Amino acid sequence: MASHNTNTAFVSLDLETTGFDPATDKIIEFGAIKFDMNGQRESLTFLINPGVTLPQIVTHITNITDNDLKTAPAFDTKVKEILSFIGDLPIVGHNIQFDMGFLAHNSIELKNDLYDTQQLSSIFLPYMPSYSLEILTQKLNLPHAEKHRALDDAVAAMELFLKLAEEFKNLDPQLAEKIKILSQRSNWPIKTLLTKLETGTKSKANKKAQNTQTSLHPKIPPIIEPNSQQSIGSTCQQLLAFKTPALFEIDPPYTKLIQDLAENSSKDTYISLPGKLFRKIHTELPDTLSKIDIQKNYISLKRLKILEEKSFFEDYEIKSILKYLVWLQTTKTGLLSEVTLFNEEKAIINQVNINESIENPMDEYFFRKALEKDVSCPAICTHDFIIEHKLKDINLVIFDFINFLQTLEFHSSIYLKLETFLLPLKALQEIHPGNHAIQSLTSKSTILFGIFGMIFEKFNDRNPFSANATINEELIAGKEWADAKSLTINLIEISKELGEIVSEKTSTHLKQWKNNLKLLDSLQSLKDMENSLMWIEKDFKGDIIFRSIPISTRENVKSLLDNCKNFKIINETVDLNDDGKFIKTLSGLEEKLPIHKLSKKAENLNILIAKGINEKDNNQLPNFLINYIKTNNEKVAIVFTSKQQIEFFTIKLSQAKIPMASQIAASIGKLQEQFKHLPQNSALLITPNTWENLETIEDIDTLFIHKLPFDPPSNPSLIALSKNYENPFEELQIPRTIITLKKLINRLKGDQNKSKKAIILDPRLLERDYGQKFISALKEIAPVEIISGNL
């Protein structure tokens with residue numbers, strides 16, 4: 001990433017390994033290419049014998065077999081050659097820290113500057129669907145011969161690096177200069193390189209490249225502008241005809257209906273959407289419509305400017321700041337969710353969003369822009385906005401009521417983690433370094449969470465998937481709980497000394513700290529124990545988290561709806577052949593609230609239930625799926641409820657040479673892009689949640705559902721809600737699972753001109769007494785047929 005008149009050289013490298021942990025996994029291939037900006041190239045690559053049998057999933061991903069590695073050298077015989085090749089040159093790589101970790105564990109500890117193309121791409125190429133090397137090279141039309149082979153990936157990272165150099169040189173000169181200046185206040189290795197790049201020379205080719213970048217924003221099917229001749233949809237007409245509160249069963253997609261409602265409702269109407277749906281359609285809806293999220297989800301230009309004034313930036317801080325600066329050149333919304341942040345970078349969100357320190361949020365450009373239309377026209381907003389603002393005398397339309405209830409639960413929950421608990425103290429420490437009270441509070445808070453960790457280790461339920469220590473009488477009677485309560489009281493007492501540092505600069509951080517203490521005290525006082533489920537758990541990094549969720553949100557729902565002049569509640573499943581009893585009981589809605597079913601049975605869809613499946617035969621089902629995919633000219637999706645099953649079937653289909661995109665080795669953005677480019681007779685292997693969040697599924701001909709999507713028994717929300725029912729399995733778990741199952745299948749109903757199938761492979765539908773409830777509910781979607789057991 002140097003200018004063409006320099007002779008700076010770099011080494012781009014990549015490793016293939018048997019897994020993700022340098023302490024237990026092994027390197028199986030090394031690949032590197034030495035290059036400069038004048039076209040000089042030199043490569044080094046070889047296979048490595050790891051001394052262990054390869055996991056089958058690694059062979060699937062890399063196409064490297066045990067036989068390939070039999071005669072390969074051991075890694076320690078190649079150490080000198082690698083060190084000699086790399087020398088002291090800057091190292092380029094995609095997620096390069098992964099490779100450095102493995103090299104360090106194998107006696108190659110390098111101090112060279114590291115240039116991570118994943119990080120740089122997320123700075124200079126906003127709006128990419130995925131920041132995987134495979135998708136970036138595909139989107140940018142860069143050479144990438146064989147994915148997941150060391151040398152080919154190293155070459156691809158080099159090409160991406162050179163492309164990013166061009167992107168930087170195409171930036172607005174003022175922005176590029178600002179990036180250079182800010183970078184100098186960090187230890188980020190790339191700062192030295194940026195100073196050498198000339199910027200502002202935009203040729204026609206460069207402008208074309210910029211236009212290409214802009215076009216990489218994820219596309220959603222265009223919506224007709226309001227002044228067009230397209231008439232209002234029939235579903236909207238029916239909705240508007242109802243003048244009193246009601247529940248409506250309507251199938252997605254909802255985009256056209258949302259726009260129709262926004263353009264034909266009274267100005268005091270608020271159309272409440274799940275956050276994901278709001279963000280997905282936000283930029284595609286006409287700018288004439290009012291679209292509002294909660295203020296903390298918007299960028300604060302004032303706070304960003306304050307952050308930019310720091311005298312020194314940690315690496316994660318400078319990367320985050322640069323991402324925001326580049327993104328601000330193109331964003332229409334100012335919604336922070338548009339920016340991809342990695343790992344500790346996410347901590348910066350709370351330093352640049354609109355928070356309590358902004359006395360008048362309307363002074364912030366993007367939030368003001370979102371609100372200014374609200375007074376004169378209906379508003380499209382998030383569930384979060386409706387819940388936080390508690391608006392009165394409005395006409396409320398709620399889309400996806402189940403998600404609305406989940407959002408309410410989230411807002412009524414408590415989540416305490418040491419890292420976030422200490423954030424206000426960390427900010428205060430920067431303003432008042434050496435303050436004894438702040439130091440003492442930080443130390444004692446760390447000890448407190450250490451005690452919570454001891455409680456977790458002593459009382460957790462030993463669940464191998466998600467262990468937690470539920471707060472109960474036995475736990476409360478223990479010495480550790482008494483010690484934690486005593487330490488909390490001590491924190492509150494010491495915090496009184498912070499009154500000496502109250503100022504305009506510290507006020508926001510002091511408020512945040514006070515709120516943290518209130519949450520901590522409310523958890524330990526056990527005032528809400530009867531109405532909440534409280535527990536201690538560990539996250540994937542091993543950090544201790546103290547959590548609490550309500551056992552019901554009925555009172556919250558009642559309070560919100562009582563403030564409305566009128567409301568319409570929309571969900572794709574309302575009636576489970578029970579006149580909406582489950583939904584009404586779950587949410588506390590009045591039993592007499594009418595239900596209107598505006599969804600139609602699909603004419604293009606058939607639901608098939610397989611019988612005679614032998615779950616003890618590990619080959620029967622894979623063989624059936626392989627045979628189906630090979631003999632039918634279709635693209636299929638297979639939904640599994642566990643990643644272990646995805647891995648098992650990924651290996652089986654890979655051995656049968658079935659083209660596929662598997663969630664076992666890809667993020668949702670990467671999966672989406674991979675599947676677009678697969679031929680017919682191919683498969684997509686995913687979990688229910690990923691299937692629900694894929695943007696486009698038009699190419700899917702058949703959906704296989706491996707198991708009924710029951711919530712895991714350890715799901716805290718399920719445990720909390722179960723306290724409201726005499727028979728939780730019959731009254732709660734089965735209805736919840738039916739709703740989830742119907743949601744999975746309903747996604748196939750979009751294209752009425754193409755025949756689709758959903759095939760359910762779970763024998764419980766036919767073998768268990770509760771199966772008939774599922775079958776009856778499925779018949780409301782489409783015809784149901786039982787197919788032969790001779791899979």
# chains A, B, ... in the order shown; residues from 1 in each chain; ligands from 1

$ select_by_dssp --residues "region 258-298 of chain A" --states "alpha helix (DSSP H)" --output "list in words"
Ile258, Gln259, Asp260, Leu261, Ala262, Glu263, Asn264, Gly275, Lys276, Leu277, Phe278, Arg279, Lys280 and Ile281 of chain A

$ residues_around --residues "Ile569 (chain A)" --least-positions-apart "3" --cutoff "7 Å" --atoms "only C-alpha atoms" --output "ChimeraX atom specification"
/A:246-248,397-399,401

$ select_by_dssp --residues "region 525-650 of chain A" --states "strand (DSSP E)" --output "number ranges by chain"
A: 532-538, 544-550, 564-571, 595-597, 605-610, 635-639

$ write_last_selection --atoms "N, CA, C and O atoms" --output "short mmCIF file (atom, residue, chain, number, x, y, z; two decimals), in the first residue's frame"
data_model
loop_
_atom_site.label_atom_id
_atom_site.label_comp_id
_atom_site.auth_asym_id
_atom_site.auth_seq_id
_atom_site.Cartn_x
_atom_site.Cartn_y
_atom_site.Cartn_z
N SER A 532 -38.88 -12.29 38.30
CA SER A 532 -37.74 -12.35 37.39
C SER A 532 -37.02 -13.68 37.52
O SER A 532 -37.14 -14.38 38.53
N LEU A 533 -36.25 -13.99 36.50
CA LEU A 533 -35.29 -15.08 36.56
C LEU A 533 -33.90 -14.44 36.58
O LEU A 533 -33.57 -13.64 35.71
N MET A 534 -33.10 -14.76 37.60
CA MET A 534 -31.77 -14.18 37.74
C MET A 534 -30.72 -15.29 37.76
O MET A 534 -30.94 -16.33 38.37
N TRP A 535 -29.61 -15.04 37.09
CA TRP A 535 -28.57 -16.05 37.04
C TRP A 535 -27.22 -15.42 36.70
O TRP A 535 -27.13 -14.28 36.25
N ILE A 536 -26.16 -16.20 36.90
CA ILE A 536 -24.80 -15.81 36.54
C ILE A 536 -24.31 -16.80 35.50
O ILE A 536 -24.51 -18.02 35.63
N GLU A 537 -23.66 -16.29 34.45
CA GLU A 537 -23.17 -17.15 33.37
C GLU A 537 -21.81 -16.67 32.88
O GLU A 537 -21.33 -15.61 33.32
N LYS A 538 -21.21 -17.42 32.00
CA LYS A 538 -19.99 -17.01 31.32
C LYS A 538 -20.27 -16.83 29.84
O LYS A 538 -21.03 -17.61 29.26
N ILE A 544 -17.52 -13.20 33.15
CA ILE A 544 -18.69 -13.42 34.00
C ILE A 544 -19.76 -12.35 33.72
O ILE A 544 -19.46 -11.16 33.60
N ILE A 545 -21.02 -12.81 33.63
CA ILE A 545 -22.15 -11.91 33.37
C ILE A 545 -23.25 -12.20 34.38
O ILE A 545 -23.61 -13.36 34.62
N PHE A 546 -23.78 -11.16 34.99
CA PHE A 546 -24.91 -11.26 35.93
C PHE A 546 -26.14 -10.79 35.16
O PHE A 546 -26.18 -9.66 34.66
N ARG A 547 -27.16 -11.66 35.06
CA ARG A 547 -28.32 -11.35 34.22
C ARG A 547 -29.64 -11.52 34.95
O ARG A 547 -29.75 -12.29 35.91
N SER A 548 -30.63 -10.81 34.44
CA SER A 548 -31.99 -10.92 34.96
C SER A 548 -32.97 -10.64 33.83
O SER A 548 -32.76 -9.71 33.04
N ILE A 549 -34.02 -11.47 33.72
CA ILE A 549 -35.08 -11.21 32.74
C ILE A 549 -36.43 -11.40 33.43
O ILE A 549 -36.55 -12.20 34.37
N PRO A 550 -37.46 -10.67 32.98
CA PRO A 550 -38.78 -10.80 33.60
C PRO A 550 -39.45 -12.11 33.20
O PRO A 550 -39.17 -12.65 32.12
N CYS A 564 -52.60 4.17 23.63
CA CYS A 564 -52.92 4.36 22.21
C CYS A 564 -54.39 4.69 21.99
O CYS A 564 -55.26 4.17 22.69
N LYS A 565 -54.65 5.53 21.00
CA LYS A 565 -56.04 5.77 20.59
C LYS A 565 -56.58 4.53 19.88
O LYS A 565 -57.76 4.19 20.01
N ASN A 566 -55.70 3.89 19.12
CA ASN A 566 -56.09 2.69 18.39
C ASN A 566 -54.82 1.88 18.12
O ASN A 566 -53.72 2.43 18.10
N PHE A 567 -54.96 0.59 17.95
CA PHE A 567 -53.78 -0.21 17.60
C PHE A 567 -54.17 -1.38 16.73
O PHE A 567 -55.27 -1.91 16.80
N LYS A 568 -53.23 -1.75 15.86
CA LYS A 568 -53.35 -2.94 15.02
C LYS A 568 -52.08 -3.76 15.22
O LYS A 568 -50.97 -3.24 15.09
N ILE A 569 -52.26 -5.03 15.56
CA ILE A 569 -51.13 -5.91 15.82
C ILE A 569 -51.06 -6.95 14.72
O ILE A 569 -52.03 -7.66 14.46
N ILE A 570 -49.88 -7.03 14.07
CA ILE A 570 -49.69 -7.92 12.91
C ILE A 570 -48.64 -8.97 13.22
O ILE A 570 -47.55 -8.65 13.70
N ASN A 571 -48.99 -10.22 12.96
CA ASN A 571 -48.02 -11.31 13.10
C ASN A 571 -48.33 -12.32 12.01
O ASN A 571 -49.48 -12.45 11.58
N ILE A 595 -59.73 -11.22 15.84
CA ILE A 595 -58.65 -11.66 14.95
C ILE A 595 -59.15 -11.64 13.52
O ILE A 595 -60.27 -12.10 13.22
N HIS A 596 -58.31 -11.10 12.62
CA HIS A 596 -58.63 -11.07 11.19
C HIS A 596 -57.49 -11.74 10.42
O HIS A 596 -56.36 -11.28 10.48
N LYS A 597 -57.82 -12.81 9.72
CA LYS A 597 -56.81 -13.56 8.97
C LYS A 597 -56.79 -13.07 7.52
O LYS A 597 -57.70 -13.37 6.75
N LEU A 605 -47.10 -24.14 -2.96
CA LEU A 605 -46.32 -24.82 -1.94
C LEU A 605 -46.96 -26.13 -1.50
O LEU A 605 -48.18 -26.19 -1.31
N ASN A 606 -46.14 -27.15 -1.34
CA ASN A 606 -46.58 -28.41 -0.76
C ASN A 606 -45.70 -28.75 0.43
O ASN A 606 -44.47 -28.58 0.37
N ILE A 607 -46.33 -29.21 1.51
CA ILE A 607 -45.60 -29.62 2.70
C ILE A 607 -45.64 -31.14 2.79
O ILE A 607 -46.71 -31.75 2.78
N LEU A 608 -44.46 -31.74 2.86
CA LEU A 608 -44.35 -33.20 2.90
C LEU A 608 -43.74 -33.61 4.24
O LEU A 608 -42.77 -33.00 4.70
N ILE A 609 -44.31 -34.65 4.85
CA ILE A 609 -43.78 -35.18 6.10
C ILE A 609 -43.29 -36.60 5.84
O ILE A 609 -44.05 -37.45 5.37
N ALA A 610 -42.01 -36.82 6.11
CA ALA A 610 -41.42 -38.13 5.85
C ALA A 610 -41.66 -39.07 7.02
O ALA A 610 -41.50 -38.69 8.18
N LYS A 635 -32.15 -26.24 -6.33
CA LYS A 635 -31.33 -25.75 -5.22
C LYS A 635 -32.13 -26.01 -3.94
O LYS A 635 -33.30 -25.64 -3.86
N VAL A 636 -31.50 -26.64 -2.97
CA VAL A 636 -32.22 -26.96 -1.74
C VAL A 636 -31.55 -26.30 -0.55
O VAL A 636 -30.35 -26.03 -0.56
N ALA A 637 -32.35 -26.02 0.47
CA ALA A 637 -31.84 -25.56 1.76
C ALA A 637 -32.18 -26.63 2.79
O ALA A 637 -33.29 -27.19 2.76
N ILE A 638 -31.23 -26.91 3.69
CA ILE A 638 -31.47 -27.89 4.74
C ILE A 638 -31.23 -27.19 6.07
O ILE A 638 -30.13 -26.69 6.33
N VAL A 639 -32.27 -27.14 6.90
CA VAL A 639 -32.20 -26.44 8.18
C VAL A 639 -31.97 -27.45 9.30
O VAL A 639 -32.73 -28.41 9.45
#

$ closest_atom_pairs --of "region 134-166 of chain A" --to "region 670-681 of chain A" --cutoff "10 Å" --atoms "only C-alpha atoms" --output "Markdown table"
| residue | atom | partner | partner_atom | distance |
| --- | --- | --- | --- | --- |
| A:Glu134 | CA | A:Lys670 | CA | 8.0 |
| A:Ile135 | CA | A:Lys670 | CA | 6.3 |
| A:Leu136 | CA | A:Lys670 | CA | 9.5 |
| A:Gln138 | CA | A:Glu673 | CA | 9.0 |
| A:Lys139 | CA | A:Glu673 | CA | 9.3 |

$ residues_around --residues "region 487-489 of chain A" --least-positions-apart "4" --cutoff "7 Å" --atoms "only C-alpha atoms" --output "PyMOL selection string"
chain A and resi 448+483+493

$ write_last_selection --atoms "C-alpha atoms" --output "short mmCIF file (atom, residue, chain, number, x, y, z; two decimals), in the first residue's frame"
data_model
loop_
_atom_site.label_atom_id
_atom_site.label_comp_id
_atom_site.auth_asym_id
_atom_site.auth_seq_id
_atom_site.Cartn_x
_atom_site.Cartn_y
_atom_site.Cartn_z
CA LEU A 448 -16.80 -8.21 43.07
CA ASP A 483 -19.47 -11.17 50.57
CA GLU A 493 -20.32 4.30 50.04
#

$ closest_atom_pairs --of "region 403-464 of chain A" --to "region 265-288 of chain A" --cutoff "10 Å" --atoms "only C-alpha atoms" --output "JSON lines"
{"residue": "A:Asn403", "atom": "CA", "partner": "A:Pro274", "partner_atom": "CA", "distance": 6.4}
{"residue": "A:Phe404", "atom": "CA", "partner": "A:Pro274", "partner_atom": "CA", "distance": 6.9}
{"residue": "A:Gln406", "atom": "CA", "partner": "A:Pro274", "partner_atom": "CA", "distance": 9.8}
{"residue": "A:Thr407", "atom": "CA", "partner": "A:Pro274", "partner_atom": "CA", "distance": 8.3}

$ write_last_selection --atoms "all heavy atoms" --output "PDB file, in the first residue's frame"
ATOM      1  N   ASN A 403     -41.708 -10.619  17.928  1.00  0.00           N
ATOM      2  CA  ASN A 403     -40.454  -9.880  18.091  1.00  0.00           C
ATOM      3  C   ASN A 403     -40.646  -8.682  19.016  1.00  0.00           C
ATOM      4  O   ASN A 403     -39.751  -8.337  19.800  1.00  0.00           O
ATOM      5  CB  ASN A 403     -39.926  -9.423  16.728  1.00  0.00           C
ATOM      6  CG  ASN A 403     -38.616  -8.679  16.839  1.00  0.00           C
ATOM      7  OD1 ASN A 403     -38.585  -7.461  17.023  1.00  0.00           O
ATOM      8  ND2 ASN A 403     -37.523  -9.404  16.725  1.00  0.00           N
ATOM      9  N   PHE A 404     -41.803  -8.050  18.951  1.00  0.00           N
ATOM     10  CA  PHE A 404     -42.111  -6.923  19.832  1.00  0.00           C
ATOM     11  C   PHE A 404     -42.058  -7.368  21.295  1.00  0.00           C
ATOM     12  O   PHE A 404     -41.481  -6.676  22.154  1.00  0.00           O
ATOM     13  CB  PHE A 404     -43.492  -6.359  19.493  1.00  0.00           C
ATOM     14  CG  PHE A 404     -43.876  -5.127  20.267  1.00  0.00           C
ATOM     15  CD1 PHE A 404     -43.426  -3.874  19.869  1.00  0.00           C
ATOM     16  CD2 PHE A 404     -44.678  -5.214  21.394  1.00  0.00           C
ATOM     17  CE1 PHE A 404     -43.769  -2.740  20.582  1.00  0.00           C
ATOM     18  CE2 PHE A 404     -45.028  -4.080  22.113  1.00  0.00           C
ATOM     19  CZ  PHE A 404     -44.573  -2.836  21.700  1.00  0.00           C
ATOM     20  N   GLN A 406     -40.367  -9.922  22.470  1.00  0.00           N
ATOM     21  CA  GLN A 406     -38.964 -10.218  22.781  1.00  0.00           C
ATOM     22  C   GLN A 406     -38.182  -8.928  23.057  1.00  0.00           C
ATOM     23  O   GLN A 406     -37.320  -8.890  23.942  1.00  0.00           O
ATOM     24  CB  GLN A 406     -38.324 -10.989  21.626  1.00  0.00           C
ATOM     25  CG  GLN A 406     -38.877 -12.395  21.458  1.00  0.00           C
ATOM     26  CD  GLN A 406     -38.474 -13.037  20.145  1.00  0.00           C
ATOM     27  OE1 GLN A 406     -38.000 -12.374  19.210  1.00  0.00           O
ATOM     28  NE2 GLN A 406     -38.657 -14.347  20.049  1.00  0.00           N
ATOM     29  N   THR A 407     -38.496  -7.880  22.308  1.00  0.00           N
ATOM     30  CA  THR A 407     -37.835  -6.584  22.510  1.00  0.00           C
ATOM     31  C   THR A 407     -38.227  -5.983  23.860  1.00  0.00           C
ATOM     32  O   THR A 407     -37.396  -5.414  24.567  1.00  0.00           O
ATOM     33  CB  THR A 407     -38.183  -5.607  21.368  1.00  0.00           C
ATOM     34  OG1 THR A 407     -37.927  -6.237  20.108  1.00  0.00           O
ATOM     35  CG2 THR A 407     -37.354  -4.334  21.466  1.00  0.00           C
TER      36      THR A 407
END

$ residues_around --residues "Leu441 (chain A)" --least-positions-apart "5" --cutoff "8 Å" --atoms "only C-alpha atoms" --output "list in words"
Leu425, Leu491, Ile494 and Ser495 of chain A

$ residues_around --residues "Ser43 (chain A)" --least-positions-apart "5" --cutoff "10 Å" --atoms "only C-alpha atoms" --output "ChimeraX atom specification"
/A:11-13,31-35,85,151,154-155

$ residues_around --residues "Glu372 (chain A)" --least-positions-apart "4" --cutoff "12 Å" --atoms "only C-alpha atoms" --output "number ranges by chain"
A: 287-292, 362-368, 376-379

$ write_last_selection --atoms "N, CA and C atoms" --output "compact mmCIF listing (two decimals), in the first residue's frame"
# COMPACT_ATOMS: atom_id res chain seq x y z
N ASP A 287 -37.56 8.95 0.76
CA ASP A 287 -37.11 9.93 1.75
C ASP A 287 -38.24 10.82 2.25
N THR A 288 -39.37 10.77 1.57
CA THR A 288 -40.52 11.57 2.02
C THR A 288 -41.16 11.00 3.28
N LEU A 289 -40.82 9.76 3.63
CA LEU A 289 -41.40 9.12 4.80
C LEU A 289 -40.54 9.38 6.02
N SER A 290 -41.18 9.47 7.18
CA SER A 290 -40.46 9.63 8.44
C SER A 290 -40.03 8.25 8.94
N LYS A 291 -38.71 8.11 9.23
CA LYS A 291 -38.16 6.82 9.68
C LYS A 291 -37.28 7.09 10.91
N ILE A 292 -37.66 6.50 12.05
CA ILE A 292 -37.02 6.87 13.32
C ILE A 292 -36.58 5.65 14.11
N MET A 362 -31.74 17.07 19.18
CA MET A 362 -32.12 17.68 17.90
C MET A 362 -30.99 18.51 17.30
N ASP A 363 -29.95 18.75 18.08
CA ASP A 363 -28.77 19.43 17.52
C ASP A 363 -27.94 18.50 16.65
N GLU A 364 -28.21 17.20 16.77
CA GLU A 364 -27.46 16.22 15.99
C GLU A 364 -28.13 16.03 14.62
N TYR A 365 -27.35 16.18 13.56
CA TYR A 365 -27.87 16.24 12.19
C TYR A 365 -28.74 15.04 11.83
N PHE A 366 -28.23 13.83 12.01
CA PHE A 366 -28.95 12.66 11.51
C PHE A 366 -30.22 12.38 12.32
N PHE A 367 -30.16 12.55 13.65
CA PHE A 367 -31.35 12.33 14.45
C PHE A 367 -32.41 13.40 14.15
N ARG A 368 -31.95 14.64 13.98
CA ARG A 368 -32.88 15.72 13.62
C ARG A 368 -33.54 15.43 12.28
N SER A 376 -45.40 15.93 10.75
CA SER A 376 -46.32 16.19 9.64
C SER A 376 -46.78 14.95 8.90
N CYS A 377 -46.24 13.78 9.25
CA CYS A 377 -46.64 12.57 8.54
C CYS A 377 -46.47 11.36 9.44
N PRO A 378 -47.05 10.21 9.08
CA PRO A 378 -46.87 9.00 9.88
C PRO A 378 -45.39 8.64 9.97
N ALA A 379 -45.04 7.90 11.01
CA ALA A 379 -43.63 7.54 11.22
C ALA A 379 -43.46 6.03 11.18

$ residues_around --residues "region 734-737 of chain A" --least-positions-apart "5" --cutoff "10 Å" --atoms "only C-alpha atoms" --output "ChimeraX atom specification"
/A:402,576,582-583,708-711,718,728-729,742-743,770-771,773-774,777

$ write_last_selection --atoms "N, CA and C atoms" --output "CSV table (one decimal), in the first residue's frame"
chain,number,residue,atom,x,y,z
A,402,ILE,N,-44.5,-11.1,17.9
A,402,ILE,CA,-43.6,-11.9,18.7
A,402,ILE,C,-42.3,-11.3,19.0
A,576,LEU,N,-53.6,-20.4,16.2
A,576,LEU,CA,-53.1,-21.8,16.2
A,576,LEU,C,-54.2,-22.8,16.4
A,582,PHE,N,-53.2,-18.5,22.5
A,582,PHE,CA,-51.8,-18.5,23.0
A,582,PHE,C,-51.2,-17.2,22.9
A,583,ILE,N,-51.4,-16.5,21.8
A,583,ILE,CA,-50.8,-15.1,21.6
A,583,ILE,C,-51.4,-14.2,22.7
A,708,LEU,N,-37.8,-30.5,14.4
A,708,LEU,CA,-38.7,-29.5,14.8
A,708,LEU,C,-37.9,-28.5,15.7
A,709,PRO,N,-38.1,-27.2,15.4
A,709,PRO,CA,-37.2,-26.1,16.0
A,709,PRO,C,-37.6,-25.8,17.5
A,710,PHE,N,-37.6,-26.8,18.3
A,710,PHE,CA,-37.9,-26.5,19.8
A,710,PHE,C,-36.8,-25.6,20.3
A,711,ASP,N,-37.1,-24.7,21.3
A,711,ASP,CA,-36.1,-24.0,22.0
A,711,ASP,C,-35.3,-25.0,22.9
A,718,LEU,N,-37.2,-19.1,27.9
A,718,LEU,CA,-38.2,-20.2,28.0
A,718,LEU,C,-38.4,-20.5,29.5
A,728,PRO,N,-46.0,-26.2,31.0
A,728,PRO,CA,-45.2,-25.4,30.1
A,728,PRO,C,-44.9,-26.1,28.7
A,729,PHE,N,-44.7,-27.4,28.7
A,729,PHE,CA,-44.5,-28.0,27.4
A,729,PHE,C,-45.7,-27.9,26.5
A,742,LYS,N,-43.8,-22.6,11.3
A,742,LYS,CA,-44.6,-22.0,10.3
A,742,LYS,C,-43.8,-20.8,9.6
A,743,LYS,N,-43.0,-20.1,10.5
A,743,LYS,CA,-42.2,-19.0,10.0
A,743,LYS,C,-41.2,-19.4,9.0
A,770,TYR,N,-48.3,-35.1,20.3
A,770,TYR,CA,-48.4,-33.6,20.0
A,770,TYR,C,-48.2,-33.4,18.5
A,771,GLY,N,-47.8,-34.4,17.7
A,771,GLY,CA,-47.6,-34.2,16.3
A,771,GLY,C,-48.8,-33.6,15.5
A,773,LYS,N,-51.0,-31.6,16.4
A,773,LYS,CA,-51.1,-30.1,16.6
A,773,LYS,C,-50.3,-29.4,15.5
A,774,PHE,N,-49.1,-29.9,15.3
A,774,PHE,CA,-48.3,-29.3,14.2
A,774,PHE,C,-48.9,-29.5,12.9
A,777,ALA,N,-51.8,-27.2,12.2
A,777,ALA,CA,-51.3,-25.8,12.0
A,777,ALA,C,-50.7,-25.7,10.6

$ closest_atom_pairs --of "region 71-161 of chain A" --to "region 333-352 of chain A" --cutoff "7 Å" --atoms "only C-alpha atoms" --output "JSON lines"
{"residue": "A:Ser122", "atom": "CA", "partner": "A:Thr340", "partner_atom": "CA", "distance": 6.4}
{"residue": "A:Pro126", "atom": "CA", "partner": "A:Val339", "partner_atom": "CA", "distance": 6.9}
{"residue": "A:Tyr127", "atom": "CA", "partner": "A:Glu338", "partner_atom": "CA", "distance": 7.0}

$ atom_distance --atom1 "CA of Glu555 (chain A)" --atom2 "CA of Ile386 (chain A)"
15.3 Å

$ atom_distance --atom1 "CA of Asp400 (chain A)" --atom2 "CA of Ser413 (chain A)"
20.3 Å

$ closest_residue --among "A:Glu309, A:Glu504, A:Glu698, A:Asp76" --to "Glu359 (chain A)" --atoms "only C-alpha atoms"
A:Glu504

$ atom_distance --atom1 "CA of Leu125 (chain A)" --atom2 "CA of Phe98 (chain A)"
21.7 Å

$ decode --residues "region 10-41 of chain A" --atoms "C-alpha atoms" --output "compact mmCIF listing (two decimals), in the first residue's frame"
# COMPACT_ATOMS: atom_id res chain seq x y z
CA PHE A 10 5.77 -6.60 1.72
CA VAL A 11 5.08 -10.24 2.47
CA SER A 12 1.53 -11.52 2.22
CA LEU A 13 1.08 -14.83 4.02
CA ASP A 14 -1.57 -17.34 4.97
CA LEU A 15 -1.75 -20.62 6.87
CA GLU A 16 -4.12 -23.55 6.68
CA THR A 17 -4.62 -25.32 10.01
CA THR A 18 -6.49 -28.21 11.62
CA GLY A 19 -8.59 -25.82 13.75
CA PHE A 20 -8.72 -22.44 15.48
CA ASP A 21 -6.65 -22.95 18.66
CA PRO A 22 -2.85 -22.58 18.31
CA ALA A 23 -2.36 -24.51 21.56
CA THR A 24 -4.10 -27.67 20.36
CA ASP A 25 -4.34 -27.41 16.55
CA LYS A 26 -1.64 -27.76 13.90
CA ILE A 27 -0.41 -25.95 10.78
CA ILE A 28 -0.87 -28.02 7.59
CA GLU A 29 0.12 -25.52 4.89
CA PHE A 30 2.21 -22.35 4.62
CA GLY A 31 1.94 -19.92 1.73
CA ALA A 32 3.54 -16.49 1.24
CA ILE A 33 4.27 -14.05 -1.56
CA LYS A 34 6.84 -11.27 -1.39
CA PHE A 35 5.87 -8.25 -3.51
CA ASP A 36 6.43 -4.58 -4.17
CA MET A 37 4.50 -1.90 -6.04
CA ASN A 38 6.56 -2.31 -9.18
CA GLY A 39 5.30 -5.83 -9.89
CA GLN A 40 8.14 -7.84 -8.36
CA ARG A 41 6.91 -11.18 -6.99
